[in-house]
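Pasting entry.cif here (mmCIF, C-alpha atoms):
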```cif
data_target
#
loop_
_atom_site.label_atom_id
_atom_site.label_comp_id
_atom_site.auth_asym_id
_atom_site.auth_seq_id
_atom_site.Cartn_x
_atom_site.Cartn_y
_atom_site.Cartn_z
CA MET N 170 21.70 29.26 -29.96
CA ARG N 171 19.19 27.37 -27.86
CA PRO N 172 16.16 26.18 -29.86
CA SER N 173 12.67 27.39 -28.98
CA ARG N 174 10.09 24.97 -27.61
CA GLN N 175 8.31 25.11 -30.96
CA GLU N 176 11.52 24.14 -32.75
CA ILE N 177 12.03 21.24 -30.33
CA LEU N 178 8.44 20.11 -30.90
CA ASP N 179 8.85 20.33 -34.69
CA TYR N 180 12.05 18.31 -34.51
CA LEU N 181 10.47 15.65 -32.28
CA LEU N 182 7.41 15.32 -34.52
CA ARG N 183 9.64 14.94 -37.60
CA THR N 184 11.81 12.37 -35.83
CA MET N 185 8.79 10.45 -34.60
CA GLN N 186 7.30 10.38 -38.07
CA ASP N 187 10.61 9.12 -39.49
CA LEU N 188 10.76 6.45 -36.80
CA THR N 189 7.25 5.19 -37.48
CA GLN N 190 6.91 5.81 -41.22
CA ASP N 191 7.18 2.18 -42.28
CA TRP N 192 4.97 0.82 -39.53
CA ASP N 193 1.78 -0.69 -40.83
CA TYR N 194 -0.40 0.76 -38.13
CA ALA N 195 1.14 4.17 -37.52
CA GLU N 196 -1.30 7.02 -37.03
CA PRO N 197 -0.76 10.81 -37.17
CA VAL N 198 1.37 12.09 -34.30
CA ASN N 199 0.79 15.35 -32.44
CA ALA N 200 2.04 17.03 -29.28
CA GLU N 201 -0.47 15.24 -27.06
CA SER N 202 0.21 11.77 -28.49
CA LEU N 203 1.36 9.24 -25.93
CA LEU N 204 4.66 7.68 -26.94
CA PHE N 205 3.92 4.07 -26.14
CA THR N 206 0.18 3.56 -26.39
CA GLU N 207 -0.62 6.04 -29.16
CA VAL N 208 2.56 6.33 -31.20
CA GLY N 209 3.25 2.64 -30.57
CA LEU N 210 6.90 2.87 -29.52
CA GLU N 211 8.60 -0.14 -27.97
CA SER N 212 11.11 0.37 -25.18
CA LEU N 213 14.02 0.04 -27.60
CA ASP N 214 12.40 2.59 -29.91
CA ALA N 215 12.33 5.01 -26.99
CA VAL N 216 16.04 4.42 -26.42
CA VAL N 217 16.74 4.95 -30.13
CA LEU N 218 14.72 8.15 -30.00
CA GLY N 219 16.61 9.37 -26.93
CA THR N 220 19.95 8.69 -28.59
CA ALA N 221 18.86 10.54 -31.73
CA ILE N 222 17.78 13.55 -29.65
CA GLN N 223 21.08 13.63 -27.78
CA GLU N 224 23.02 13.44 -31.01
CA HIS N 225 20.88 16.07 -32.71
CA TYR N 226 21.37 18.58 -29.90
CA GLN N 227 24.90 17.40 -29.04
CA THR N 228 23.86 17.35 -25.40
CA PRO N 229 23.74 14.36 -23.05
CA MET N 230 20.37 14.02 -21.32
CA PRO N 231 19.27 11.53 -18.63
CA PHE N 232 16.94 9.53 -20.88
CA ALA N 233 17.63 6.29 -19.04
CA GLU N 234 16.44 7.95 -15.84
CA LEU N 235 13.38 9.39 -17.58
CA LEU N 236 12.44 5.96 -18.92
CA ALA N 237 13.05 4.41 -15.50
CA GLU N 238 10.81 6.99 -13.87
CA ILE N 239 7.88 6.49 -16.21
CA GLY N 240 8.40 2.72 -15.89
CA GLU N 241 8.30 2.98 -12.11
CA GLN N 242 5.15 5.06 -12.25
CA ARG N 243 3.67 2.77 -14.91
CA ARG N 244 2.59 5.70 -16.99
CA ASP N 245 3.06 6.89 -20.54
CA LEU N 246 4.71 10.08 -21.77
CA THR N 247 3.28 12.65 -24.18
CA ILE N 248 5.42 14.29 -26.84
CA HIS N 249 4.62 17.55 -25.06
CA GLU N 250 6.27 16.18 -21.88
CA LEU N 251 9.23 15.06 -23.95
CA VAL N 252 9.55 18.62 -25.26
CA ASP N 253 9.63 19.80 -21.62
CA PHE N 254 12.34 17.27 -20.85
CA VAL N 255 14.52 18.25 -23.82
CA ASP N 256 13.95 21.94 -23.19
CA LEU N 257 14.96 21.50 -19.57
CA HIS N 258 18.21 19.80 -20.45
CA LEU N 259 19.03 22.38 -23.08
CA GLY N 260 19.09 24.93 -20.30
CA ALA N 261 15.54 26.22 -19.84
CA PRO N 262 14.19 27.08 -16.37
CA VAL N 263 12.88 23.94 -14.66
CA PRO N 264 9.12 23.42 -15.28
CA GLU N 265 7.29 21.86 -12.35
CA THR N 266 5.62 19.19 -14.45
CA VAL N 267 8.68 17.50 -15.93
CA ALA N 268 9.40 14.10 -14.46
CA VAL N 269 13.12 13.61 -14.22
CA ARG N 270 15.09 11.71 -11.64
CA ARG N 271 18.79 12.30 -11.52
CA PRO N 272 21.10 9.35 -10.89
CA GLN N 273 21.63 8.87 -7.17
CA MET O 204 -19.97 -24.08 -14.43
CA ASP O 205 -19.08 -22.56 -11.08
CA ALA O 206 -19.11 -18.99 -9.82
CA LEU O 207 -15.85 -18.30 -11.57
CA GLY O 208 -17.13 -19.37 -14.97
CA PRO O 209 -16.55 -22.49 -17.05
CA THR O 210 -13.96 -24.89 -15.68
CA VAL O 211 -12.19 -28.03 -16.69
CA CYS O 212 -14.76 -29.99 -14.68
CA ASP O 213 -17.59 -28.98 -16.96
CA PRO O 214 -18.03 -31.67 -19.60
CA PRO O 215 -17.80 -31.61 -22.52
CA TYR O 216 -15.06 -29.10 -21.77
CA GLY O 217 -12.47 -30.28 -24.29
CA MET O 218 -15.05 -30.35 -27.07
CA GLN O 219 -15.39 -26.57 -26.79
CA ALA O 220 -11.71 -25.80 -27.01
CA PRO O 221 -10.82 -24.18 -30.33
CA PRO O 222 -7.66 -25.27 -32.13
CA LEU O 223 -4.30 -23.80 -31.22
CA LEU O 224 -3.33 -20.84 -33.33
CA SER O 225 0.37 -20.66 -32.46
CA ARG O 226 3.29 -22.91 -33.18
CA VAL O 227 5.93 -24.13 -30.78
CA TRP O 228 9.20 -22.26 -31.25
CA PRO O 229 11.92 -24.45 -29.71
CA ALA O 230 14.94 -22.20 -30.26
CA PRO O 231 14.50 -19.78 -27.32
CA THR O 232 14.11 -22.63 -24.81
CA ALA O 233 16.74 -24.98 -26.28
CA LEU O 234 19.30 -24.35 -23.54
CA PHE O 235 16.78 -24.71 -20.70
CA ALA O 236 15.13 -27.79 -22.19
CA ARG O 237 18.43 -29.63 -21.74
CA ASN O 238 18.34 -29.04 -17.98
CA SER O 239 16.53 -32.08 -16.63
CA ARG O 240 16.30 -30.60 -13.10
CA GLN O 241 13.82 -27.94 -14.19
CA PRO O 242 10.34 -28.37 -15.65
CA LYS O 243 10.52 -28.04 -19.42
CA PRO O 244 9.63 -24.53 -20.54
CA LEU O 245 7.68 -23.90 -23.71
CA CYS O 246 7.87 -21.05 -26.19
CA CYS O 247 5.09 -20.36 -28.67
CA ARG O 248 5.10 -17.98 -31.59
CA LEU O 249 2.42 -16.32 -33.68
CA ASP O 250 3.43 -14.46 -36.83
CA GLY O 251 0.70 -11.94 -37.48
CA LEU O 252 -3.01 -11.99 -36.81
CA PRO O 253 -4.35 -15.40 -37.83
CA LEU O 254 -7.89 -14.00 -38.06
CA GLU O 255 -9.56 -10.63 -38.33
CA ALA O 256 -8.81 -8.86 -35.04
CA GLY O 257 -12.40 -8.72 -33.75
CA MET O 258 -12.94 -12.37 -34.57
CA LEU O 259 -9.70 -13.35 -32.84
CA ALA O 260 -10.72 -11.33 -29.79
CA ARG O 261 -14.03 -13.15 -29.53
CA LEU O 262 -12.28 -16.48 -29.92
CA VAL O 263 -9.53 -16.11 -27.34
CA LEU O 264 -10.35 -13.31 -24.90
CA THR O 265 -12.43 -13.70 -21.78
CA PRO O 266 -15.35 -11.24 -21.58
CA GLY O 267 -13.34 -9.05 -19.22
CA GLU O 268 -10.30 -9.09 -21.49
CA GLU O 269 -12.42 -8.35 -24.54
CA GLN O 270 -13.87 -5.33 -22.77
CA VAL O 271 -10.37 -4.10 -21.94
CA TRP O 272 -9.25 -4.64 -25.53
CA ARG O 273 -12.25 -2.93 -27.11
CA SER O 274 -12.00 0.12 -24.82
CA MET O 275 -8.22 0.38 -25.06
CA ARG O 276 -7.08 3.90 -25.86
CA ALA O 277 -4.15 2.91 -28.03
CA VAL O 278 -2.94 2.94 -31.60
CA ALA O 279 -4.05 -0.05 -33.69
CA LYS O 280 -0.48 -1.41 -33.67
CA ARG O 281 -0.51 -1.56 -29.87
CA ARG O 282 -4.01 -3.08 -29.72
CA HIS O 283 -3.06 -5.76 -32.24
CA GLU O 284 0.10 -6.56 -30.29
CA TRP O 285 -1.85 -6.81 -27.05
CA LEU O 286 -4.35 -9.18 -28.67
CA LEU O 287 -1.65 -11.24 -30.37
CA GLY O 288 0.28 -11.47 -27.09
CA ARG O 289 -2.80 -12.78 -25.24
CA ALA O 290 -3.50 -15.30 -27.99
CA VAL O 291 0.02 -16.72 -28.04
CA ALA O 292 0.33 -16.77 -24.22
CA LYS O 293 -2.93 -18.68 -23.89
CA ASP O 294 -1.74 -21.21 -26.46
CA ALA O 295 1.50 -21.71 -24.52
CA VAL O 296 -0.41 -22.25 -21.28
CA ARG O 297 -2.87 -24.61 -22.98
CA MET O 298 -0.05 -26.72 -24.40
CA LEU O 299 1.81 -26.88 -21.08
CA VAL O 300 -1.28 -27.79 -19.08
CA GLU O 301 -2.33 -30.44 -21.58
CA GLU O 302 1.15 -31.95 -21.48
CA HIS O 303 1.41 -31.78 -17.69
CA ALA O 304 -2.16 -32.55 -16.58
CA GLY O 305 -3.72 -34.08 -19.68
CA VAL O 306 -6.44 -31.46 -19.72
CA ARG O 307 -7.26 -29.37 -22.74
CA LEU O 308 -8.17 -25.86 -21.61
CA SER O 309 -10.06 -23.34 -23.66
CA PRO O 310 -8.51 -19.90 -24.13
CA LEU O 311 -11.63 -18.53 -22.45
CA ASP O 312 -10.65 -20.38 -19.27
CA ILE O 313 -7.30 -18.65 -19.13
CA GLY O 314 -7.18 -15.05 -18.01
CA ILE O 315 -3.97 -13.16 -18.69
CA GLN O 316 -3.86 -10.42 -16.08
CA PRO O 317 -1.09 -8.04 -15.08
CA ASP O 318 0.16 -8.17 -11.52
CA PRO O 319 0.51 -4.82 -9.67
CA TYR O 320 3.79 -4.17 -11.50
CA GLY O 321 2.50 -5.14 -14.94
CA ARG O 322 3.91 -8.66 -15.22
CA PRO O 323 1.40 -10.95 -16.95
CA GLN O 324 -0.05 -13.81 -14.95
CA ALA O 325 -2.18 -16.73 -16.11
CA VAL O 326 -5.23 -17.00 -13.89
CA GLY O 327 -8.32 -19.18 -13.68
CA SER O 328 -10.01 -21.64 -11.39
CA TRP O 329 -8.13 -24.44 -13.16
CA THR O 330 -4.86 -23.42 -11.45
CA ALA O 331 -6.15 -24.58 -8.07
CA ARG O 332 -8.09 -27.54 -9.42
CA LEU O 333 -5.12 -28.90 -11.35
CA GLY O 334 -2.45 -27.73 -8.92
CA VAL O 335 -0.51 -25.84 -11.56
CA GLN O 336 0.59 -22.23 -11.80
CA PRO O 337 2.26 -21.35 -15.09
CA ALA O 338 4.75 -18.51 -15.16
CA ILE O 339 4.54 -16.59 -18.40
CA SER O 340 6.23 -13.80 -20.30
CA ILE O 341 5.14 -12.18 -23.55
CA SER O 342 7.03 -10.21 -26.17
CA HIS O 343 6.25 -8.90 -29.61
CA SER O 344 8.10 -7.22 -32.38
CA HIS O 345 6.64 -5.87 -35.59
CA GLY O 346 3.85 -8.34 -36.09
CA THR O 347 5.32 -11.40 -34.36
CA ALA O 348 4.35 -12.30 -30.80
CA VAL O 349 6.02 -14.89 -28.61
CA ALA O 350 5.19 -16.29 -25.20
CA LEU O 351 7.42 -18.19 -22.82
CA ALA O 352 5.72 -20.39 -20.23
CA THR O 353 6.81 -22.89 -17.66
CA LEU O 354 5.35 -24.75 -14.71
CA GLY O 355 7.14 -25.72 -11.54
CA ARG O 356 7.52 -24.02 -8.22
CA GLY O 357 7.47 -20.36 -9.02
CA PRO O 358 10.22 -19.78 -11.58
CA LEU O 359 10.44 -16.27 -13.00
CA VAL O 360 10.50 -16.14 -16.76
CA GLY O 361 11.30 -13.38 -19.19
CA ILE O 362 11.48 -13.27 -22.96
CA ASP O 363 12.30 -10.41 -25.28
CA LEU O 364 12.13 -10.27 -29.03
CA GLU O 365 13.52 -7.67 -31.42
CA ASN O 366 13.73 -7.47 -35.19
CA LEU O 367 17.18 -7.07 -36.67
CA ASP O 368 15.68 -6.01 -40.00
CA GLN O 369 14.10 -2.94 -38.43
CA PRO O 370 16.43 -0.03 -39.14
CA ARG O 371 17.82 1.15 -35.80
CA GLU O 372 19.96 4.15 -35.35
CA SER O 373 22.51 3.84 -32.58
CA PHE O 374 21.00 3.26 -29.18
CA GLU O 375 24.11 2.14 -27.40
CA ALA O 376 24.90 5.42 -25.63
CA ILE O 377 21.73 5.15 -23.54
CA ALA O 378 21.33 1.38 -23.37
CA PHE O 379 24.86 0.43 -22.37
CA SER O 380 27.48 1.54 -19.88
CA PRO O 381 31.00 2.38 -21.13
CA ASP O 382 32.36 -1.08 -20.28
CA GLU O 383 29.39 -2.75 -21.97
CA ARG O 384 30.10 -0.67 -25.06
CA ASP O 385 33.75 -1.72 -24.85
CA ARG O 386 32.60 -5.34 -24.76
CA LEU O 387 30.59 -4.78 -27.93
CA ALA O 388 33.43 -2.91 -29.61
CA ALA O 389 35.73 -5.86 -28.99
CA MET O 390 33.44 -8.18 -30.97
CA PRO O 391 34.02 -8.85 -34.67
CA GLN O 392 32.48 -6.08 -36.75
CA GLU O 393 30.05 -8.45 -38.51
CA LEU O 394 28.57 -9.47 -35.15
CA ARG O 395 28.21 -6.05 -33.58
CA GLN O 396 24.76 -5.05 -34.76
CA GLU O 397 23.28 -8.42 -33.88
CA TRP O 398 24.99 -8.55 -30.51
CA ALA O 399 24.01 -5.03 -29.58
CA LEU O 400 20.45 -6.23 -30.02
CA ARG O 401 21.13 -9.49 -28.16
CA LEU O 402 22.53 -7.59 -25.19
CA TRP O 403 19.54 -5.28 -25.20
CA CYS O 404 17.21 -8.29 -25.33
CA ALA O 405 19.13 -9.87 -22.45
CA LYS O 406 18.62 -6.78 -20.30
CA GLU O 407 14.95 -6.50 -21.16
CA GLY O 408 14.32 -10.23 -20.71
CA VAL O 409 15.87 -10.20 -17.24
CA ALA O 410 14.01 -7.00 -16.35
CA LYS O 411 10.76 -8.71 -17.35
CA ALA O 412 11.60 -11.91 -15.47
CA LEU O 413 12.21 -10.01 -12.25
CA GLY O 414 8.87 -8.30 -12.75
CA ARG O 415 9.68 -4.62 -12.44
CA GLY O 416 10.79 -3.82 -15.98
CA PHE O 417 13.31 -1.03 -16.34
CA SER O 418 11.95 0.93 -13.41
CA ALA O 419 15.37 0.68 -11.76
CA GLY O 420 17.07 2.00 -14.89
CA ILE O 421 18.44 0.31 -17.98
CA GLN O 422 22.04 0.29 -16.81
CA ALA O 423 21.08 -1.25 -13.48
CA PHE O 424 20.98 -4.50 -15.50
CA HIS O 425 24.66 -4.85 -16.17
CA ILE O 426 26.22 -7.23 -18.67
CA THR O 427 29.20 -9.07 -17.15
CA ALA O 428 29.81 -11.67 -19.85
CA ALA O 429 28.68 -12.45 -23.38
CA GLU O 430 29.65 -15.68 -25.10
CA THR O 431 29.22 -15.36 -28.86
CA GLY O 432 29.59 -19.10 -29.33
CA SER O 433 26.82 -20.26 -27.00
CA GLY O 434 24.66 -17.15 -26.99
CA VAL O 435 24.78 -17.05 -23.19
CA VAL O 436 24.87 -13.62 -21.57
CA GLN O 437 25.48 -13.09 -17.86
CA LEU O 438 24.10 -10.09 -16.02
CA GLU O 439 24.23 -8.73 -12.53
CA LEU O 440 22.11 -6.11 -10.87
CA ARG O 441 23.51 -2.73 -9.85
CA GLU O 442 22.40 0.52 -8.31
CA ARG O 443 18.64 0.89 -7.84
CA ALA O 444 17.92 -2.66 -8.98
CA LEU O 445 19.68 -3.84 -5.82
CA ASP O 446 17.28 -1.76 -3.74
CA LEU O 447 14.46 -3.80 -5.28
CA PHE O 448 16.27 -7.15 -5.18
CA PRO O 449 18.95 -6.96 -2.46
CA HIS O 450 19.23 -10.76 -2.27
CA LEU O 451 20.53 -10.78 -5.86
CA ARG O 452 23.66 -8.78 -5.02
CA LEU O 453 26.65 -10.43 -6.72
CA ILE O 454 24.37 -13.10 -8.20
CA SER O 455 24.92 -13.79 -11.87
CA ILE O 456 21.69 -14.01 -13.86
CA MET O 457 21.82 -15.93 -17.11
CA ALA O 458 20.07 -14.96 -20.32
CA TYR O 459 20.11 -17.23 -23.34
CA THR O 460 20.16 -15.26 -26.57
CA GLY O 461 19.83 -16.33 -30.16
CA ARG O 462 18.92 -15.30 -33.64
CA GLU O 463 16.59 -16.88 -36.18
CA GLN O 464 16.54 -15.08 -39.50
CA ASP O 465 15.86 -11.44 -38.59
CA LEU O 466 14.52 -12.14 -35.12
CA VAL O 467 16.79 -11.80 -32.11
CA TYR O 468 15.56 -13.16 -28.79
CA SER O 469 16.59 -13.57 -25.20
CA THR O 470 15.17 -15.99 -22.66
CA THR O 471 15.63 -15.99 -18.89
CA ILE O 472 14.33 -18.54 -16.44
CA GLN O 473 15.24 -17.64 -12.89
CA PRO O 474 14.60 -20.10 -10.05
CA GLN O 475 11.99 -19.59 -7.39
CA GLY O 476 12.62 -16.87 -4.85
CA ALA O 477 14.63 -14.61 -7.13
CA ALA O 478 12.23 -11.71 -6.71
CA GLU O 479 11.37 -12.10 -3.05
#
```
Would you write out, as C-alpha cells, the structure that this file holds?
Amino acid sequence: MRPSRQEILDYLLRTMQDLTQDWDYAEPVNAESLLFTEVGLESLDAVVLGTAIQEHYQTPMPFAELLAEIGEQRRDLTIHELVDFVDLHLGAPVPETVAVRRPQ
Amino acid sequence: MDALGPTVCDPPYGMQAPPLLSRVWPAPTALFARNSRQPKPLCCRLDGLPLEAGMLARLVLTPGEEQVWRSMRAVAKRRHEWLLGRAVAKDAVRMLVEEHAGVRLSPLDIGIQPDPYGRPQAVGSWTARLGVQPAISISHSHGTAVALATLGRGPLVGIDLENLDQPRESFEAIAFSPDERDRLAAMPQELRQEWALRLWCAKEGVAKALGRGFSAGIQAFHITAAETGSGVVQLELRERALDLFPHLRLISIMAYTGREQDLVYSTTIQPQGAAE
C-alpha cells in the first residue's frame, strides 16, 4: 500500500534525525528545514539519504538527477520538497512544484 | 591604504598580520609536488575552531565576509564550516604568496568570494600588484577543514575530504554506475569501504575543480581507472558534463586519492583551459 504524505514525512524526519544524531551542531529538524544549510547535510550525506529512501520504499528514484538540478539552480531543498519528490515517485499525481529532471 | 582597503604597499603591513592558524598538510599534494613543470601546490588543514567562532571571524574575515557570516541563515555546523573553510583557505593563500612573492599578507587582505557558479576565488588588490592569482578549493568534513591552493597560469584545483569513521550506509547505488560498482566489487573486501569513499571524493574533487559541482549529475563524472597502489583515479566526463565541457571529451582527468587515519581525500589539479 502506498504511504501517505504524512507517513513519508514522518519517515524522512526519523531518518534525518538518525543521520544527524551524533553531529555536534545538529538542531531540531522539521518539514521546512533546508537540507544543506539548516540540517547541515554534505553532498555525500544527501546521497546516503537518497539510497536509504530507495531501499526503504524498495523503489528506484532519480535522486542523482534531483541533486544535479538543485546544484544547477544553486538552491537548497526543504524536507517538504523531498516529501513531494518521494511521493511523486511512489506514484502520486505530479505536483507542479517538484523539481525533477529525468535523464536525457 | 587605497580605495580597495589596506594593501601590501601600506607599511607596516607585515607587522599587522596575525599568525597562521593552519598547518601544512603535505599528503594531498604529494603527487603533484613531484611534478617540477607545475607550480608547487599547497594544502593546509585546520582541525576544529582554533578560537571562539566570533573571535576567529573578527580575526580572519573581511568586513564584508563577517557580515555574510553573521547574517547567514544556516545551522551552526554549516556556519562553523564556512568560517573554518575561509580561515584555512586564507592561510594557504598567505603561505603561497609569501613563498612566491616574499610578502606576508593579512587574512583581512584576502577576500574569499564565490564565482557565479559557487567556486571560491581569492580576491584582493594584491593579486594585481604582485601579479599572482591563486586558484583555491576548500573542503570540510566533521570539524576538519582543508584548502588546496596553487599559483601559476590558471590551473583548476579541487579537493574533497570525507571521514571514514562517520558511519555511512550504502550510497553506491546513487553515486556509482553499474561498471563503477563492478570495479569496487572487484577490490579486496578490506579495501572496499575506503575505496568507495575515495572514488566519491575523486568525483567530487573533479566536479569542484571544473567549477560546476554536480550540476551535470554525479554519474557524469565517470571513473575509468582506480589504482589501489598509487591512489590515482582516472575519470572522464559523460552525458551532461560534456555539454558544459565539450573540449574534455575523451580526456582523462586525474585525481590523486589517499587516506590519513580516518580522513580520505582526493586532489585534482587540472591545467589551464580545462573549463573554457
Identify every residue of chain N that has at least one atom within 12 Å of any atom of chain O, counting all atoms listed in the file, and report the result as a PyMOL selection string.
chain N and resi 184+187-198+202-224+228-245+270-273
Would you write out those residues with C-alpha atoms, as an mmCIF file, in the frame of the given file?
```cif
data_model
loop_
_atom_site.group_PDB
_atom_site.id
_atom_site.type_symbol
_atom_site.label_atom_id
_atom_site.label_comp_id
_atom_site.auth_asym_id
_atom_site.auth_seq_id
_atom_site.Cartn_x
_atom_site.Cartn_y
_atom_site.Cartn_z
ATOM 1 C CA THR N 184 11.810 12.370 -35.830
ATOM 2 C CA ASP N 187 10.610 9.120 -39.490
ATOM 3 C CA LEU N 188 10.760 6.450 -36.800
ATOM 4 C CA THR N 189 7.250 5.190 -37.480
ATOM 5 C CA GLN N 190 6.910 5.810 -41.220
ATOM 6 C CA ASP N 191 7.180 2.180 -42.280
ATOM 7 C CA TRP N 192 4.970 0.820 -39.530
ATOM 8 C CA ASP N 193 1.780 -0.690 -40.830
ATOM 9 C CA TYR N 194 -0.400 0.760 -38.130
ATOM 10 C CA ALA N 195 1.140 4.170 -37.520
ATOM 11 C CA GLU N 196 -1.300 7.020 -37.030
ATOM 12 C CA PRO N 197 -0.760 10.810 -37.170
ATOM 13 C CA VAL N 198 1.370 12.090 -34.300
ATOM 14 C CA SER N 202 0.210 11.770 -28.490
ATOM 15 C CA LEU N 203 1.360 9.240 -25.930
ATOM 16 C CA LEU N 204 4.660 7.680 -26.940
ATOM 17 C CA PHE N 205 3.920 4.070 -26.140
ATOM 18 C CA THR N 206 0.180 3.560 -26.390
ATOM 19 C CA GLU N 207 -0.620 6.040 -29.160
ATOM 20 C CA VAL N 208 2.560 6.330 -31.200
ATOM 21 C CA GLY N 209 3.250 2.640 -30.570
ATOM 22 C CA LEU N 210 6.900 2.870 -29.520
ATOM 23 C CA GLU N 211 8.600 -0.140 -27.970
ATOM 24 C CA SER N 212 11.110 0.370 -25.180
ATOM 25 C CA LEU N 213 14.020 0.040 -27.600
ATOM 26 C CA ASP N 214 12.400 2.590 -29.910
ATOM 27 C CA ALA N 215 12.330 5.010 -26.990
ATOM 28 C CA VAL N 216 16.040 4.420 -26.420
ATOM 29 C CA VAL N 217 16.740 4.950 -30.130
ATOM 30 C CA LEU N 218 14.720 8.150 -30.000
ATOM 31 C CA GLY N 219 16.610 9.370 -26.930
ATOM 32 C CA THR N 220 19.950 8.690 -28.590
ATOM 33 C CA ALA N 221 18.860 10.540 -31.730
ATOM 34 C CA ILE N 222 17.780 13.550 -29.650
ATOM 35 C CA GLN N 223 21.080 13.630 -27.780
ATOM 36 C CA GLU N 224 23.020 13.440 -31.010
ATOM 37 C CA THR N 228 23.860 17.350 -25.400
ATOM 38 C CA PRO N 229 23.740 14.360 -23.050
ATOM 39 C CA MET N 230 20.370 14.020 -21.320
ATOM 40 C CA PRO N 231 19.270 11.530 -18.630
ATOM 41 C CA PHE N 232 16.940 9.530 -20.880
ATOM 42 C CA ALA N 233 17.630 6.290 -19.040
ATOM 43 C CA GLU N 234 16.440 7.950 -15.840
ATOM 44 C CA LEU N 235 13.380 9.390 -17.580
ATOM 45 C CA LEU N 236 12.440 5.960 -18.920
ATOM 46 C CA ALA N 237 13.050 4.410 -15.500
ATOM 47 C CA GLU N 238 10.810 6.990 -13.870
ATOM 48 C CA ILE N 239 7.880 6.490 -16.210
ATOM 49 C CA GLY N 240 8.400 2.720 -15.890
ATOM 50 C CA GLU N 241 8.300 2.980 -12.110
ATOM 51 C CA GLN N 242 5.150 5.060 -12.250
ATOM 52 C CA ARG N 243 3.670 2.770 -14.910
ATOM 53 C CA ARG N 244 2.590 5.700 -16.990
ATOM 54 C CA ASP N 245 3.060 6.890 -20.540
ATOM 55 C CA ARG N 270 15.090 11.710 -11.640
ATOM 56 C CA ARG N 271 18.790 12.300 -11.520
ATOM 57 C CA PRO N 272 21.100 9.350 -10.890
ATOM 58 C CA GLN N 273 21.630 8.870 -7.170
#
```
Who sits within 9 Å of His249 (chain N), only C-alpha atoms, same chain under 5 positions skipped, as a list in words:
Leu178, Asn199, Ala200, Glu201, Ser202, Leu203 and Phe254 of chain N
Matched chain/residue IDs from the PyMOL selection byres ((chain O and resi 272) around 10), as a CSV table (one decimal) with C-alpha atoms, in the coordinates of the input:
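Produced file out_12.csv, reproduced below:
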```csv
chain,number,residue,atom,x,y,z
O,257,GLY,CA,-12.4,-8.7,-33.8
O,260,ALA,CA,-10.7,-11.3,-29.8
O,264,LEU,CA,-10.4,-13.3,-24.9
O,266,PRO,CA,-15.4,-11.2,-21.6
O,267,GLY,CA,-13.3,-9.0,-19.2
O,268,GLU,CA,-10.3,-9.1,-21.5
O,269,GLU,CA,-12.4,-8.4,-24.5
O,270,GLN,CA,-13.9,-5.3,-22.8
O,271,VAL,CA,-10.4,-4.1,-21.9
O,273,ARG,CA,-12.2,-2.9,-27.1
O,274,SER,CA,-12.0,0.1,-24.8
O,275,MET,CA,-8.2,0.4,-25.1
O,276,ARG,CA,-7.1,3.9,-25.9
O,277,ALA,CA,-4.2,2.9,-28.0
O,282,ARG,CA,-4.0,-3.1,-29.7
O,283,HIS,CA,-3.1,-5.8,-32.2
O,285,TRP,CA,-1.8,-6.8,-27.0
O,286,LEU,CA,-4.4,-9.2,-28.7
```
So which one's closest to Val326 (chain O), O:Asp382, O:Asp312, O:Glu255, O:Asp446? Using all atoms listed in the file, please.
O:Asp312
Using the chain letters and residue numbers of this document, give as JSON, numbers by chain the residues selected by the PyMOL selection byres ((chain N and resi 172) around 12).
{"N": [170, 171, 173, 174, 175, 176, 177, 178, 179, 180, 225, 226, 252, 255, 256, 257, 258, 259, 260, 261]}
Just want the 12 Å neighbourhood of His425 (chain O), counted on only C-alpha atoms, with same-chain residues fewer than 4 positions away dropped. Output as an MDAnalysis selection string.
chainID O and resid 378:384 386 402:403 405:407 409:410 417 419:421 429 436:445 452:458
Residue subset to file, keeping C-alpha atoms, as a short mmCIF file (atom, residue, chain, number, x, y, z; two decimals), in the coordinates of the input:
```cif
data_model
loop_
_atom_site.label_atom_id
_atom_site.label_comp_id
_atom_site.auth_asym_id
_atom_site.auth_seq_id
_atom_site.Cartn_x
_atom_site.Cartn_y
_atom_site.Cartn_z
CA ALA O 378 21.33 1.38 -23.37
CA PHE O 379 24.86 0.43 -22.37
CA SER O 380 27.48 1.54 -19.88
CA PRO O 381 31.00 2.38 -21.13
CA ASP O 382 32.36 -1.08 -20.28
CA GLU O 383 29.39 -2.75 -21.97
CA ARG O 384 30.10 -0.67 -25.06
CA ARG O 386 32.60 -5.34 -24.76
CA LEU O 402 22.53 -7.59 -25.19
CA TRP O 403 19.54 -5.28 -25.20
CA ALA O 405 19.13 -9.87 -22.45
CA LYS O 406 18.62 -6.78 -20.30
CA GLU O 407 14.95 -6.50 -21.16
CA VAL O 409 15.87 -10.20 -17.24
CA ALA O 410 14.01 -7.00 -16.35
CA PHE O 417 13.31 -1.03 -16.34
CA ALA O 419 15.37 0.68 -11.76
CA GLY O 420 17.07 2.00 -14.89
CA ILE O 421 18.44 0.31 -17.98
CA ALA O 429 28.68 -12.45 -23.38
CA VAL O 436 24.87 -13.62 -21.57
CA GLN O 437 25.48 -13.09 -17.86
CA LEU O 438 24.10 -10.09 -16.02
CA GLU O 439 24.23 -8.73 -12.53
CA LEU O 440 22.11 -6.11 -10.87
CA ARG O 441 23.51 -2.73 -9.85
CA GLU O 442 22.40 0.52 -8.31
CA ARG O 443 18.64 0.89 -7.84
CA ALA O 444 17.92 -2.66 -8.98
CA LEU O 445 19.68 -3.84 -5.82
CA ARG O 452 23.66 -8.78 -5.02
CA LEU O 453 26.65 -10.43 -6.72
CA ILE O 454 24.37 -13.10 -8.20
CA SER O 455 24.92 -13.79 -11.87
CA ILE O 456 21.69 -14.01 -13.86
CA MET O 457 21.82 -15.93 -17.11
CA ALA O 458 20.07 -14.96 -20.32
#
```
Taking the file as shown, what set of residues would the PyMOL selection byres ((chain O and resi 288-304) around 8) give back, as a VMD selection string?
chain O and resid 223 to 225 245 to 249 263 to 264 284 to 287 305 to 310 313 315 325 333 335 337 339 to 343 348 to 354
O:Trp398, O:Trp228, O:Tyr459, O:Trp329 ranked by distance to Gln473 (chain O), top pick (using only C-alpha atoms):
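For Gln473 (chain O), the nearest of the given residues is O:Tyr459.
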